[in-house]
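Written out below as C-alpha cells is the structure these notes cover.
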Amino acid sequence: MKLNIKTKDVIGKYRYLSILFVLLIFFLAICNISYALDDDEKNNIRVKLIEHDKTKYRDELEYDGNNVVLDVLIENIPNNFGYSERSEDKDGGCKGVDLLMNYSTEYLKPVSFNWSDDFKDTKLKRYEMKDGKLDLSISFEDLVTKDFILGTITYTPIKKGETELTMGGDITSNYGQSYNGNNPYYKDINKLEISGRYPSISYYDLKLDIKKESNYVGETKTTEKVDDETASIGEPDSSNLNIRVNQGEPVIHVKEINVSQIEPKISVNLDTETVFDFKLVVLAIAIGLISGIAFGLFSRIGGK
C-alpha cells in the first residue's frame with residue numbers, strides 16, 4: 001500500500017514537471033518572436049508628428065486655446081542596403097512620399113500645410129485638407145538620405161475634448177520600391193539570393209487634449225498643387241492623383257483609422273497578405289515538435 005502511494009507521488013511529480021517544461025518552452029518561444037518583431041521595428045522608417053520647432057516626439061499634447069502646429073518628421077531612412085529587382089546599383093533613400101492623415105472635423109479645423117524650406121521649390125507636389133483628411137504627395141528631385149521635416153501642419157481647435165491624429169501612406173525608394181516590409185532585395189548584383197526585405201513604415205499616432213477652443217480668424221490655405229506643366233498653386237486636385245516616381249507597379253498602402261479610437265499609439269504599415277517570414281515559421285514548427293516529443297516522453301515516464 002505504501003509502495004502504491006509513493007508511485008502515485010512520483011507519477012504526479014513527473015506530470016507537473018512535464019507541464020512546467022512545456023510551458024517554459026512556449027514562454028521562451030514567445031520571447032524570441034517578440035524580440036524578432038522588436039528588431040524589425042527598429043529597422044522601420046518612422047513617421048512622426050512633433051511640436052513645431054521641437055525635436056522630441058510625445059504621444060500626447062495639450063492645448064489651451066492655441067493653434068495646433070505640428071511638424072511631419074520622417075526618420076530612419078535606409079541607404080545602400082541591397083540590390084532591388086529593378087536596379088543595377090544598391091537601393092535605398094527616399095524619392096517620394098504619399099501621406100494620408102485623419103483628423104476629427106468635430107474638434108479641429110484645418111488652417112494650412114506649409115512645405116519645409118528644402119521642398120518649397122520642388123516641382124511635383126500636392127496636398128489637400130478636406131473632410132477630415134490631409135492627403136499629400138511629393139516627388140523629390142534629389143534623393144533624400146537623411147531624417148527630414150516634410151512640412152508643418154496647422155489646425156485650430158474648435159471644441160474641448162480629446163481627439164487623435166492618425167496616419168498611413170507610402171514611401172518609395174530611389175528605384176521606386178515601396179517600403180512595405182514585403183519587397184525583396186538581393187545581396188549581389190546577380191540577384192540570385194534574397195538577402196532580406198525592404199523595411200516597413202511605422203506611423204506614430206498623436207493624441208490631442210484640447211482644454212480650450214481657439215478663436216482663430218486668419219487666412220487658411222487648405223489645398224495646393226504644383227506640377228511641371230501648370231505650376232498652379234491653390235487649386236484643388238480633382239483627379240486625386242498621387243505623384244509617384246519610377247513606379248512600374250504602383251501600390252498604395254493606406255491604413256485609415258477611426259479618429260474616435262484613441263488606444264493605438266503606433267500603426268505599422270505591413271502587407272500581411274504576402275509577407276512570409278521563413279525563419280519565424282521554422283522556429284514555430286521546431287518548437288512545436290520539441291514540445292510534443294518532450295511531453296510524450298515525460299508522459300511515458302510518468303505512466304510507468
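We name chains A, B, ... following the order of the C-alpha cells; residues begin at 1 in each chain, and ligands are numbered from 1 as shown.
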
*Would you list the contacts of region 152-167 of chain A as an MDAnalysis selection string, taking every protein, DNA or RNA residue within 8 Å and counting only C-alpha atoms, but skipping same-chain residues closer than 2 positions in sequence?*
chainID A and resid 52 65:72 99:104 106:116 150 169 203:216 255:257 259:262

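Among A:Glu141, A:Glu51, A:Glu60, A:Asp135, the residue with the shortest atom-to-atom distance to Lys123 (chain A), counting only C-alpha atoms, is A:Glu141.
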
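Counting only C-alpha atoms and comparing A:Ser137, A:Asp147, A:Leu73, A:Lys191, the residue that lies closest to Asp227 (chain A) is A:Ser137.
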
*asked:* Which residues are near Gly181 (chain A)? Cut-off 6 Å, only C-alpha atoms, ignore same chain within fewer than 4 positions. Put them as a PyMOL selection string.
replied: chain A and resi 197-200

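For the pair CA of Asn44 (chain A) and CA of Asp118 (chain A), the separation is 23.4 Å.
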
*Tell me which protein, DNA and RNA residues are within 10 Å of Tyr185 (chain A), counting only C-alpha atoms, leaving out same-chain ones fewer than 4 positions away, and put them as number ranges by chain.*
A: 81-86, 90-91, 177, 191, 193-198

Once you have the residues from the selection above, write them out as a PDB file, in the first residue's frame, restricted to N, CA and C atoms.
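Output file part-v6.pdb follows:
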```pdb
ATOM      1  N   PHE A  81      21.305  49.390 -48.968  1.00  0.00           N
ATOM      2  CA  PHE A  81      21.198  48.152 -48.196  1.00  0.00           C
ATOM      3  C   PHE A  81      21.161  46.893 -49.065  1.00  0.00           C
ATOM      4  N   GLY A  82      20.907  47.034 -50.369  1.00  0.00           N
ATOM      5  CA  GLY A  82      20.870  45.855 -51.226  1.00  0.00           C
ATOM      6  C   GLY A  82      20.390  46.200 -52.624  1.00  0.00           C
ATOM      7  N   TYR A  83      20.451  45.215 -53.505  1.00  0.00           N
ATOM      8  CA  TYR A  83      20.045  45.407 -54.900  1.00  0.00           C
ATOM      9  C   TYR A  83      18.570  45.049 -55.062  1.00  0.00           C
ATOM     10  N   SER A  84      17.810  45.956 -55.656  1.00  0.00           N
ATOM     11  CA  SER A  84      16.398  45.682 -55.897  1.00  0.00           C
ATOM     12  C   SER A  84      16.230  44.918 -57.201  1.00  0.00           C
ATOM     13  N   GLU A  85      14.998  44.510 -57.484  1.00  0.00           N
ATOM     14  CA  GLU A  85      14.721  43.786 -58.724  1.00  0.00           C
ATOM     15  C   GLU A  85      14.858  44.683 -59.948  1.00  0.00           C
ATOM     16  N   ARG A  86      14.854  46.010 -59.739  1.00  0.00           N
ATOM     17  CA  ARG A  86      14.832  46.948 -60.859  1.00  0.00           C
ATOM     18  C   ARG A  86      16.150  47.678 -61.088  1.00  0.00           C
ATOM     19  N   LYS A  90      22.880  49.473 -55.621  1.00  0.00           N
ATOM     20  CA  LYS A  90      22.189  49.274 -54.352  1.00  0.00           C
ATOM     21  C   LYS A  90      21.118  50.346 -54.161  1.00  0.00           C
ATOM     22  N   ASP A  91      19.987  49.921 -53.651  1.00  0.00           N
ATOM     23  CA  ASP A  91      18.837  50.808 -53.499  1.00  0.00           C
ATOM     24  C   ASP A  91      18.812  51.408 -52.096  1.00  0.00           C
ATOM     25  N   GLN A 177      10.748  51.363 -55.246  1.00  0.00           N
ATOM     26  CA  GLN A 177      10.200  50.267 -54.463  1.00  0.00           C
ATOM     27  C   GLN A 177       9.525  50.810 -53.205  1.00  0.00           C
ATOM     28  N   LYS A 191      21.439  38.985 -58.335  1.00  0.00           N
ATOM     29  CA  LYS A 191      20.075  38.780 -57.821  1.00  0.00           C
ATOM     30  C   LYS A 191      19.708  37.298 -57.738  1.00  0.00           C
ATOM     31  N   GLU A 193      20.240  35.421 -54.772  1.00  0.00           N
ATOM     32  CA  GLU A 193      19.857  35.071 -53.406  1.00  0.00           C
ATOM     33  C   GLU A 193      19.251  36.283 -52.702  1.00  0.00           C
ATOM     34  N   ILE A 194      18.041  36.094 -52.178  1.00  0.00           N
ATOM     35  CA  ILE A 194      17.379  37.179 -51.450  1.00  0.00           C
ATOM     36  C   ILE A 194      18.081  37.388 -50.115  1.00  0.00           C
ATOM     37  N   SER A 195      18.494  38.616 -49.863  1.00  0.00           N
ATOM     38  CA  SER A 195      19.202  38.934 -48.630  1.00  0.00           C
ATOM     39  C   SER A 195      18.254  39.391 -47.529  1.00  0.00           C
ATOM     40  N   GLY A 196      17.122  39.960 -47.904  1.00  0.00           N
ATOM     41  CA  GLY A 196      16.165  40.443 -46.911  1.00  0.00           C
ATOM     42  C   GLY A 196      14.987  41.120 -47.586  1.00  0.00           C
ATOM     43  N   ARG A 197      14.217  41.831 -46.800  1.00  0.00           N
ATOM     44  CA  ARG A 197      13.046  42.543 -47.297  1.00  0.00           C
ATOM     45  C   ARG A 197      13.186  44.033 -47.007  1.00  0.00           C
ATOM     46  N   TYR A 198      12.625  44.832 -47.893  1.00  0.00           N
ATOM     47  CA  TYR A 198      12.580  46.269 -47.626  1.00  0.00           C
ATOM     48  C   TYR A 198      11.855  46.504 -46.302  1.00  0.00           C
TER      49      TYR A 198
END
```
